[in-house]
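A.B. asks: Quick one, my_file20.pdb (PDB, C-alpha atoms):
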ATOM      1  CA  MET A1436      10.042  -6.997  -0.267
ATOM      2  CA  THR A1437      10.184  -4.437   2.495
ATOM      3  CA  PHE A1438      13.952  -4.532   2.619
ATOM      4  CA  LEU A1439      14.179  -4.125  -1.152
ATOM      5  CA  SER A1440      11.786  -1.164  -1.109
ATOM      6  CA  ARG A1441      13.761   0.497   1.694
ATOM      7  CA  VAL A1442      17.011   0.108  -0.211
ATOM      8  CA  ILE A1443      15.447   1.554  -3.366
ATOM      9  CA  THR A1444      13.915   4.462  -1.434
ATOM     10  CA  ALA A1445      17.183   5.236   0.350
ATOM     11  CA  PHE A1446      19.097   5.197  -2.926
ATOM     12  CA  GLY A1447      16.567   7.525  -4.525
ATOM     13  CA  GLY A1448      16.715   9.813  -1.498
ATOM     14  CA  LEU A1449      20.481  10.029  -1.844
ATOM     15  CA  LEU A1450      20.162  10.983  -5.502
ATOM     16  CA  LEU A1451      17.451  13.529  -4.695
ATOM     17  CA  THR A1452      19.588  15.112  -1.986
ATOM     18  CA  HIS A1453      22.456  15.352  -4.418
ATOM     19  CA  ALA A1454      20.196  16.944  -7.029
ATOM     20  CA  CYS A1455      18.908  19.430  -4.446
ATOM     21  CA  TYR A1456      22.448  20.375  -3.443
ATOM     22  CA  SER A1457      23.488  20.722  -7.089
ATOM     23  CA  ALA A1458      20.528  22.969  -7.836
ATOM     24  CA  ARG A1459      21.303  25.119  -4.797
ATOM     25  CA  GLU A1460      24.941  25.481  -5.834
ATOM     26  CA  HIS A1461      23.980  26.219  -9.412
ATOM     27  CA  THR A1462      21.599  29.025  -8.465
ATOM     28  CA  ALA A1463      24.143  30.474  -6.044
ATOM     29  CA  LEU A1464      26.763  30.461  -8.776
ATOM     30  CA  GLN A1465      24.354  31.996 -11.274
ATOM     31  CA  SER A1466      23.382  34.800  -8.944
ATOM     32  CA  LEU A1467      27.061  35.500  -8.222
ATOM     33  CA  ARG A1468      27.848  35.531 -11.925
ATOM     34  CA  ALA A1469      24.903  37.828 -12.565
ATOM     35  CA  ALA A1470      26.118  40.219  -9.887
ATOM     36  CA  THR A1471      29.658  40.378 -11.287
ATOM     37  CA  ALA A1472      28.434  40.563 -14.880
ATOM     38  CA  SER A1473      26.110  43.456 -14.126
ATOM     39  CA  SER A1474      28.922  45.324 -12.378
ATOM     40  CA  LEU A1475      31.349  44.748 -15.270
ATOM     41  CA  THR A1476      29.229  44.883 -18.386
ATOM     42  CA  SER A1477      25.755  46.040 -19.213
ATOM     43  CA  SER A1478      24.303  42.701 -20.305
ATOM     44  CA  PRO A1479      22.727  40.931 -17.322
ATOM     45  CA  THR A1480      21.049  38.303 -19.468
ATOM     46  CA  VAL A1481      21.827  35.149 -17.511
ATOM     47  CA  SER A1482      19.632  32.144 -18.016
ATOM     48  CA  SER A1483      18.171  30.990 -14.705
ATOM     49  CA  SER A1484      17.146  27.531 -15.866
ATOM     50  CA  LEU A1485      18.812  24.482 -14.418
ATOM     51  CA  PRO A1486      21.225  22.404 -16.470
ATOM     52  CA  LEU A1487      19.786  19.298 -18.050
ATOM     53  CA  ASP A1488      21.673  16.832 -15.843
ATOM     54  CA  ILE A1489      20.225  18.254 -12.620
ATOM     55  CA  ILE A1490      16.717  18.143 -14.083
ATOM     56  CA  LEU A1491      17.211  14.569 -15.189
ATOM     57  CA  GLU A1492      18.684  13.578 -11.841
ATOM     58  CA  THR A1493      15.729  15.088  -9.998
ATOM     59  CA  LEU A1494      13.163  13.370 -12.190
ATOM     60  CA  ILE A1495      14.907  10.002 -12.129
ATOM     61  CA  SER A1496      15.437  10.063  -8.367
ATOM     62  CA  THR A1497      11.773  10.983  -7.901
ATOM     63  CA  LEU A1498      10.779   7.992  -9.991
ATOM     64  CA  ILE A1499      13.141   5.713  -8.049
ATOM     65  CA  ILE A1500      11.710   6.833  -4.691
ATOM     66  CA  LEU A1501       8.214   6.456  -6.103
ATOM     67  CA  VAL A1502       8.896   2.856  -7.096
ATOM     68  CA  GLY A1503      10.401   2.168  -3.675
ATOM     69  CA  LEU A1504       7.397   3.618  -1.844
ATOM     70  CA  VAL A1505       4.902   1.751  -3.997
ATOM     71  CA  LEU A1506       6.764  -1.524  -3.442
ATOM     72  CA  GLY A1507       6.689  -0.828   0.292
ATOM     73  CA  THR A1508       2.899  -0.491   0.574
ATOM     74  CA  ARG A1509       0.944  -3.130   2.421
ATOM     75  CA  PRO A1510      -0.905  -5.709   0.340
ATOM     76  CA  LEU A1511      -4.575  -4.933  -0.244
ATOM     77  CA  ARG A1512      -7.504  -7.035   0.883
ATOM     78  CA  PRO A1513     -10.503  -7.965  -1.242
ATOM     79  CA  ILE A1514     -13.569  -5.955  -0.249
ATOM     80  CA  GLU A1515     -16.266  -8.357  -1.424
ATOM     81  CA  TRP A1516     -17.209 -10.678   1.386
ATOM     82  CA  ARG A1517     -17.185 -13.875  -0.666
ATOM     83  CA  VAL A1518     -13.785 -13.155  -2.198
ATOM     84  CA  TRP A1519     -12.360 -12.175   1.182
ATOM     85  CA  ALA A1520     -13.736 -15.223   3.018
ATOM     86  CA  GLY A1521     -12.525 -17.469   0.221
ATOM     87  CA  LYS A1522      -9.057 -15.988   0.517
ATOM     88  CA  ILE A1523      -9.045 -16.633   4.270
ATOM     89  CA  GLU A1524     -10.226 -20.180   3.729
ATOM     90  CA  ARG A1525      -7.626 -20.836   1.059
ATOM     91  CA  GLU A1526      -4.558 -19.030   2.374
ATOM     92  CA  GLY A1527      -5.209 -18.493   6.080
ATOM     93  CA  GLU A1528      -2.762 -16.229   7.857
ATOM     94  CA  ALA A1529      -0.333 -16.311   4.944
ATOM     95  CA  GLY A1530      -2.679 -14.152   2.863
ATOM     96  CA  PHE A1531      -2.843 -11.367   5.440
ATOM     97  CA  THR A1532       0.760 -10.437   6.072
ATOM     98  CA  ASP A1533       2.564  -7.182   5.456
ATOM     99  CA  GLY A1534       5.595  -7.049   3.202
ATOM    100  CA  SER A1535       8.008  -8.671   5.644
ATOM    101  CA  GLY A1536       5.801 -11.644   6.517
ATOM    102  CA  VAL A1537       4.365 -10.473   9.858
ATOM    103  CA  VAL A1538       0.656 -11.241  10.223
ATOM    104  CA  ASP A1539      -1.523  -8.132  10.435
ATOM    105  CA  ARG A1540      -2.728  -7.259  13.902
ATOM    106  CA  ASP A1541      -6.338  -6.971  12.831
ATOM    107  CA  TYR A1542      -6.403 -10.367  11.173
ATOM    108  CA  MET A1543      -9.463 -11.995  12.692
ATOM    109  CA  GLY A1544      -9.404 -15.408  11.102
ATOM    110  CA  ASN A1545     -12.250 -17.363   9.610
ATOM    111  CA  PRO A1546     -15.523 -15.376   9.850
ATOM    112  CA  PHE A1547     -17.469 -18.643   9.933
ATOM    113  CA  SER A1548     -15.520 -20.201  12.818
ATOM    114  CA  VAL A1549     -18.616 -19.656  14.990
ATOM    115  CA  PHE A1550     -20.510 -22.179  12.909
ATOM    116  CA  GLU A1551     -17.791 -24.768  13.122
ATOM    117  CA  SER A1552     -17.935 -25.169  16.893
ATOM    118  CA  ARG A1553     -21.531 -24.778  17.993
ATOM    119  CA  PRO A1554     -21.907 -26.278  21.491
ATOM    120  CA  ASN A1555     -25.670 -26.633  20.990
ATOM    121  CA  PHE A1556     -25.149 -29.114  18.215
ATOM    122  CA  VAL A1557     -22.669 -31.361  19.977
ATOM    123  CA  ASP A1558     -23.894 -34.953  20.235
ATOM    124  CA  ILE A1559     -23.010 -35.477  23.867
ATOM    125  CA  ARG A1560     -24.357 -39.031  24.113
ATOM    126  CA  LYS A1561     -22.249 -40.175  21.193
ATOM    127  CA  GLN A1562     -19.181 -38.555  22.677
ATOM    128  CA  ARG A1563     -19.849 -40.215  26.031
ATOM    129  CA  LYS A1564     -20.154 -43.608  24.332
ATOM    130  CA  GLU A1565     -16.911 -43.045  22.479
ATOM    131  CA  PHE A1566     -15.218 -42.019  25.695
ATOM    132  CA  ALA A1567     -16.505 -45.104  27.504
ATOM    133  CA  GLU A1568     -15.194 -47.310  24.692
ATOM    134  CA  TRP A1569     -11.877 -45.544  24.820
ATOM    135  CA  VAL A1570     -11.651 -46.019  28.561
ATOM    136  CA  GLN A1571     -12.496 -49.714  28.240
ATOM    137  CA  LYS A1572      -9.934 -50.291  25.512
ATOM    138  CA  GLY A1573      -7.354 -48.042  27.122
ATOM    139  CA  GLY A1574      -8.006 -49.624  30.515
ATOM    140  CA  ALA A1575      -7.533 -53.076  29.076
ATOM    141  CA  GLU A1576      -4.307 -52.037  27.376
ATOM    142  CA  ALA A1577      -3.111 -50.382  30.548
ATOM    143  CA  THR A1578      -3.794 -53.446  32.683
ATOM    144  CA  ARG A1579      -2.071 -55.630  30.072
ATOM    145  CA  TYR A1580       0.883 -53.265  30.105
ATOM    146  CA  TYR A1581       1.138 -53.227  33.876
ATOM    147  CA  ALA A1582       0.627 -56.972  34.013
ATOM    148  CA  GLY A1583       3.424 -57.350  31.490
ATOM    149  CA  GLY A1584       5.536 -54.983  33.536
ATOM    150  CA  THR A1585       5.181 -56.944  36.744
ATOM    151  CA  GLN A1586       5.913 -60.291  35.195
TER     152      GLN A1586
ATOM    153  CA  MET B1406     -30.286  -3.793 -10.357
ATOM    154  CA  SER B1407     -30.322  -1.257  -7.544
ATOM    155  CA  SER B1408     -27.168  -0.808  -5.550
ATOM    156  CA  GLU B1409     -28.841  -1.769  -2.285
ATOM    157  CA  GLN B1410     -29.907  -5.076  -3.728
ATOM    158  CA  GLU B1411     -26.387  -5.547  -5.037
ATOM    159  CA  LEU B1412     -24.989  -4.957  -1.562
ATOM    160  CA  GLN B1413     -27.420  -7.493  -0.151
ATOM    161  CA  ILE B1414     -26.345 -10.097  -2.668
ATOM    162  CA  SER B1415     -22.604  -9.459  -2.461
ATOM    163  CA  PRO B1416     -21.858  -7.785   0.882
ATOM    164  CA  ILE B1417     -18.748  -5.720   1.452
ATOM    165  CA  VAL B1418     -16.188  -6.100   4.228
ATOM    166  CA  GLN B1419     -15.796  -2.714   5.921
ATOM    167  CA  GLU B1420     -12.438  -3.550   7.505
ATOM    168  CA  SER B1421     -10.915  -4.446   4.174
ATOM    169  CA  LEU B1422     -12.303  -1.293   2.616
ATOM    170  CA  MET B1423     -10.789   0.842   5.372
ATOM    171  CA  HIS B1424      -7.478  -1.002   5.193
ATOM    172  CA  ASN B1425      -7.239  -0.445   1.438
ATOM    173  CA  SER B1426      -8.228   3.227   1.656
ATOM    174  CA  ARG B1427      -5.695   3.842   4.407
ATOM    175  CA  THR B1428      -2.939   2.131   2.439
ATOM    176  CA  LEU B1429      -3.703   4.261  -0.604
ATOM    177  CA  TYR B1430      -4.013   7.433   1.476
ATOM    178  CA  ASN B1431      -0.645   6.876   3.174
ATOM    179  CA  LEU B1432       1.043   6.347  -0.163
ATOM    180  CA  GLN B1433      -0.584   9.442  -1.631
ATOM    181  CA  SER B1434       0.405  11.747   1.222
ATOM    182  CA  LEU B1435       3.985  10.504   1.175
ATOM    183  CA  THR B1436       4.390  10.781  -2.563
ATOM    184  CA  ALA B1437       2.712  14.202  -2.680
ATOM    185  CA  SER B1438       5.396  15.569  -0.348
ATOM    186  CA  LEU B1439       8.028  13.903  -2.506
ATOM    187  CA  PHE B1440       6.652  15.539  -5.656
ATOM    188  CA  GLY B1441       6.666  18.872  -3.846
ATOM    189  CA  ILE B1442      10.364  18.408  -3.139
ATOM    190  CA  SER B1443      11.157  17.677  -6.772
ATOM    191  CA  ALA B1444       8.996  20.528  -8.035
ATOM    192  CA  GLY B1445      10.809  22.876  -5.657
ATOM    193  CA  ILE B1446      14.211  21.668  -6.819
ATOM    194  CA  LEU B1447      13.205  22.052 -10.445
ATOM    195  CA  GLY B1448      11.979  25.561  -9.666
ATOM    196  CA  LEU B1449       8.579  25.118 -11.268
ATOM    197  CA  GLU B1450       6.157  27.996 -11.065
ATOM    198  CA  SER B1451       2.363  28.333 -11.274
ATOM    199  CA  TYR B1452       0.655  26.046 -13.793
ATOM    200  CA  SER B1453       3.685  23.931 -14.611
ATOM    201  CA  GLY B1454       3.999  22.948 -10.941
ATOM    202  CA  PHE B1455       0.402  21.818 -10.743
ATOM    203  CA  LEU B1456       0.734  20.021 -14.061
ATOM    204  CA  PHE B1457       3.811  18.247 -12.654
ATOM    205  CA  TYR B1458       1.758  17.203  -9.631
ATOM    206  CA  LEU B1459      -1.122  15.991 -11.811
ATOM    207  CA  VAL B1460       1.131  13.895 -14.029
ATOM    208  CA  PHE B1461       3.072  12.359 -11.170
ATOM    209  CA  SER B1462       0.031  11.508  -9.055
ATOM    210  CA  LEU B1463      -1.543   9.770 -12.027
ATOM    211  CA  LEU B1464       1.748   7.932 -12.460
ATOM    212  CA  THR B1465       1.588   6.925  -8.775
ATOM    213  CA  ALA B1466      -1.909   5.527  -9.267
ATOM    214  CA  VAL B1467      -0.785   3.568 -12.311
ATOM    215  CA  LEU B1468       2.261   2.167 -10.503
ATOM    216  CA  PHE B1469       0.178   1.238  -7.476
ATOM    217  CA  TYR B1470      -2.305  -0.450  -9.765
ATOM    218  CA  LEU B1471       0.451  -2.410 -11.491
ATOM    219  CA  VAL B1472       2.129  -3.511  -8.260
ATOM    220  CA  ARG B1473      -0.752  -4.152  -5.868
ATOM    221  CA  VAL B1474      -4.005  -4.402  -7.785
ATOM    222  CA  ALA B1475      -3.260  -5.866 -11.182
ATOM    223  CA  PRO B1476      -1.726  -9.281 -10.333
ATOM    224  CA  SER B1477      -4.665 -10.623  -8.313
ATOM    225  CA  SER B1478      -7.327  -8.559 -10.049
ATOM    226  CA  LEU B1479      -6.432  -9.781 -13.508
ATOM    227  CA  ALA B1480      -6.118 -13.339 -12.198
ATOM    228  CA  ALA B1481      -9.661 -13.063 -10.871
ATOM    229  CA  GLY B1482     -10.918 -12.223 -14.334
ATOM    230  CA  LYS B1483     -11.449  -8.478 -14.005
ATOM    231  CA  SER B1484     -10.780  -6.313 -17.007
ATOM    232  CA  PRO B1485      -7.586  -4.205 -17.056
ATOM    233  CA  LEU B1486      -7.686  -0.926 -15.068
ATOM    234  CA  ASP B1487     -10.676  -2.220 -13.090
ATOM    235  CA  THR B1488     -10.084  -1.664  -9.358
ATOM    236  CA  SER B1489     -13.423  -2.992  -8.111
ATOM    237  CA  ARG B1490     -11.766  -5.928  -6.345
ATOM    238  CA  TYR B1491     -10.177  -3.580  -3.803
ATOM    239  CA  PHE B1492     -11.936  -0.202  -4.056
ATOM    240  CA  ARG B1493     -15.546   0.870  -4.325
ATOM    241  CA  GLY B1494     -15.298   3.390  -7.089
ATOM    242  CA  PRO B1495     -12.748   4.067  -9.793
ATOM    243  CA  PHE B1496     -12.798   7.777  -8.952
ATOM    244  CA  GLU B1497     -11.483   7.219  -5.435
ATOM    245  CA  PHE B1498      -8.573   5.221  -6.767
ATOM    246  CA  TRP B1499      -7.508   7.247  -9.786
ATOM    247  CA  ALA B1500      -8.238  10.817  -8.699
ATOM    248  CA  GLY B1501      -8.550  10.671  -4.898
ATOM    249  CA  GLY B1502      -4.858  11.357  -4.495
ATOM    250  CA  LEU B1503      -5.135  14.757  -6.164
ATOM    251  CA  MET B1504      -7.123  16.169  -3.246
ATOM    252  CA  ASN B1505      -5.466  14.131  -0.471
ATOM    253  CA  GLY B1506      -1.946  15.250  -1.156
ATOM    254  CA  LEU B1507      -2.393  18.756  -2.498
ATOM    255  CA  ALA B1508      -1.685  20.511   0.813
ATOM    256  CA  GLY B1509       1.477  18.496   1.416
ATOM    257  CA  PHE B1510       2.580  19.105  -2.141
ATOM    258  CA  ILE B1511       2.226  22.891  -1.903
ATOM    259  CA  LEU B1512       3.938  22.926   1.491
ATOM    260  CA  THR B1513       7.089  21.152   0.347
ATOM    261  CA  TRP B1514       7.018  22.825  -3.060
ATOM    262  CA  THR B1515       7.164  26.322  -1.592
ATOM    263  CA  LEU B1516       9.640  25.258   1.077
ATOM    264  CA  LEU B1517      12.123  23.727  -1.350
ATOM    265  CA  TYR B1518      11.627  26.512  -3.875
ATOM    266  CA  GLY B1519      12.510  29.013  -1.179
ATOM    267  CA  LEU B1520      15.498  26.965  -0.001
ATOM    268  CA  VAL B1521      16.951  26.464  -3.463
ATOM    269  CA  ARG B1522      16.169  29.791  -5.101
ATOM    270  CA  ALA B1523      16.567  32.234  -2.239
TER     271      ALA B1523
END
Just dump the structure as structure tokens.
C.D. replies:
Amino acid sequence: MTFLSRVITAFGGLLLTHACYSAREHTALQSLRAATASSLTSSPTVSSSLPLDIILETLISTLIILVGLVLGTRPLRPIEWRVWAGKIEREGEAGFTDGSGVVDRDYMGNPFSVFESRPNFVDIRKQRKEFAEWVQKGGAEATRYYAGGTQ
Amino acid sequence: MSSEQELQISPIVQESLMHNSRTLYNLQSLTASLFGISAGILGLESYSGFLFYLVFSLLTAVLFYLVRVAPSSLAAGKSPLDTSRYFRGPFEFWAGGLMNGLAGFILTWTLLYGLVRA
């Protein structure tokens, strides 16, 4: 997306530069013609408006750059807390990237992560029992393994 | 329902609000300078220049709405042209750019007008 928007913007900038140069040349030519016409004849009525193609080129290149810039903006974030938190829960980091897929620096992750790891609510006795069981089973397996290895 | 009660019921994320406003502000300042360049090339004067700026900044808002706001906002069930998913008030979104970019617009407008016409 970012690459596409840069290409579009650069193309529009090229067109706009060309339009600017054309307009500059046109006015220079017009002023020169006006100077010679006033010295030769007595009718210095020279239209100072730009030709239609330069006007069209300017407008179209402006629109092209505008589209490129709008495509290059960063994605917005929902401002309501519930929508925002739901988006984080559903999409995670993928929902908070800029156009080229880099995660935003101020992405702070799940706002409720505090509640998901509360040390005060850890059942330490249960965990100790599980660990003891694991050690017993693992120890038995290990001894069997080593016994098998030595035989 | 009072707005304070509303905020209590559905709180607002300040970081997201600032991120969205900054994104919009950056776009508006950039495009305002761009419109100044085109207005200078076209050689617009007085009211027509400001009218040009008005039309094109509204066009910017519409394009930004179509590209960034509309897809997710309409999917979430908001009515068309409703920006309340990402911005607090409609005024900030649709008309905020007029004030933000005016200085940049006049700067580049006069500069390019002088460069092209002088």
A.B. asks: Tell me, in Å to one decimal, how far atom CA of Leu1456 of chain B is from atom CA of Ile1495 of chain A.
C.D. replies: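 Atom-to-atom, atom CA of Leu1456 of chain B and atom CA of Ile1495 of chain A are spaced 17.5 Å apart.
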A.B. asks: Written as an MDAnalysis selection string, which residues does the PyMOL selection byres ((chain B) within 7 of (chain A)) give for the file shown?
C.D. replies: chainID B and resid 1415:1418 1421:1422 1425 1428 1436 1443 1446:1447 1469 1472:1473 1490:1491 1521:1522
A.B. asks: Just to confirm, what's the straight-line distance from atom CA of Glu1528 of chain A to atom CA of Phe1547 of chain A in Å (one decimal)?
C.D. replies: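 Calculated distance between atom CA of Glu1528 of chain A and atom CA of Phe1547 of chain A is 15.0 Å.
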A.B. asks: Atom CA of Ala1480 of chain B to atom CA of Gly1544 of chain A: how many Å, to one decimal?
C.D. replies: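 If I compute the distance from atom CA of Ala1480 of chain B to atom CA of Gly1544 of chain A, I get 23.6 Å.
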A.B. asks: Could you pull out every residue with an atom within 12 Å of (-5.8, 2.6, -12.5), file coordinates, counting all atoms listed in the file, and send them as a tab-separated table (two decimals) with C-alpha atoms, keeping the file's coordinate frame?
C.D. replies:
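This went into result18.tsv:
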chain	number	residue	atom	x	y	z
B	1462	SER	CA	0.03	11.51	-9.06
B	1463	LEU	CA	-1.54	9.77	-12.03
B	1464	LEU	CA	1.75	7.93	-12.46
B	1465	THR	CA	1.59	6.92	-8.78
B	1466	ALA	CA	-1.91	5.53	-9.27
B	1467	VAL	CA	-0.78	3.57	-12.31
B	1468	LEU	CA	2.26	2.17	-10.50
B	1469	PHE	CA	0.18	1.24	-7.48
B	1470	TYR	CA	-2.31	-0.45	-9.76
B	1471	LEU	CA	0.45	-2.41	-11.49
B	1472	VAL	CA	2.13	-3.51	-8.26
B	1473	ARG	CA	-0.75	-4.15	-5.87
B	1474	VAL	CA	-4.00	-4.40	-7.78
B	1475	ALA	CA	-3.26	-5.87	-11.18
B	1478	SER	CA	-7.33	-8.56	-10.05
B	1484	SER	CA	-10.78	-6.31	-17.01
B	1485	PRO	CA	-7.59	-4.20	-17.06
B	1486	LEU	CA	-7.69	-0.93	-15.07
B	1487	ASP	CA	-10.68	-2.22	-13.09
B	1488	THR	CA	-10.08	-1.66	-9.36
B	1489	SER	CA	-13.42	-2.99	-8.11
B	1491	TYR	CA	-10.18	-3.58	-3.80
B	1492	PHE	CA	-11.94	-0.20	-4.06
B	1494	GLY	CA	-15.30	3.39	-7.09
B	1495	PRO	CA	-12.75	4.07	-9.79
B	1496	PHE	CA	-12.80	7.78	-8.95
B	1497	GLU	CA	-11.48	7.22	-5.44
B	1498	PHE	CA	-8.57	5.22	-6.77
B	1499	TRP	CA	-7.51	7.25	-9.79
B	1500	ALA	CA	-8.24	10.82	-8.70
B	1501	GLY	CA	-8.55	10.67	-4.90
B	1502	GLY	CA	-4.86	11.36	-4.50
A.B. asks: Compare A:Ala1470, A:Leu1439, A:Ala1567, A:Val1549 by their minimum atom-to-atom distance to Gly1503 of chain A, counting only C-alpha atoms, and give me the closest one.
C.D. replies: A:Leu1439
A.B. asks: Quick one: 6 Å padding each side, axis-aligned, all listed atoms of segment 1446-1463 of chain A - centre and edge lengths in Å to one decimal, as JSON?
C.D. replies:
{"center_x": 20.8, "center_y": 17.8, "center_z": -5.5, "size_x": 20.4, "size_y": 37.3, "size_z": 19.9}
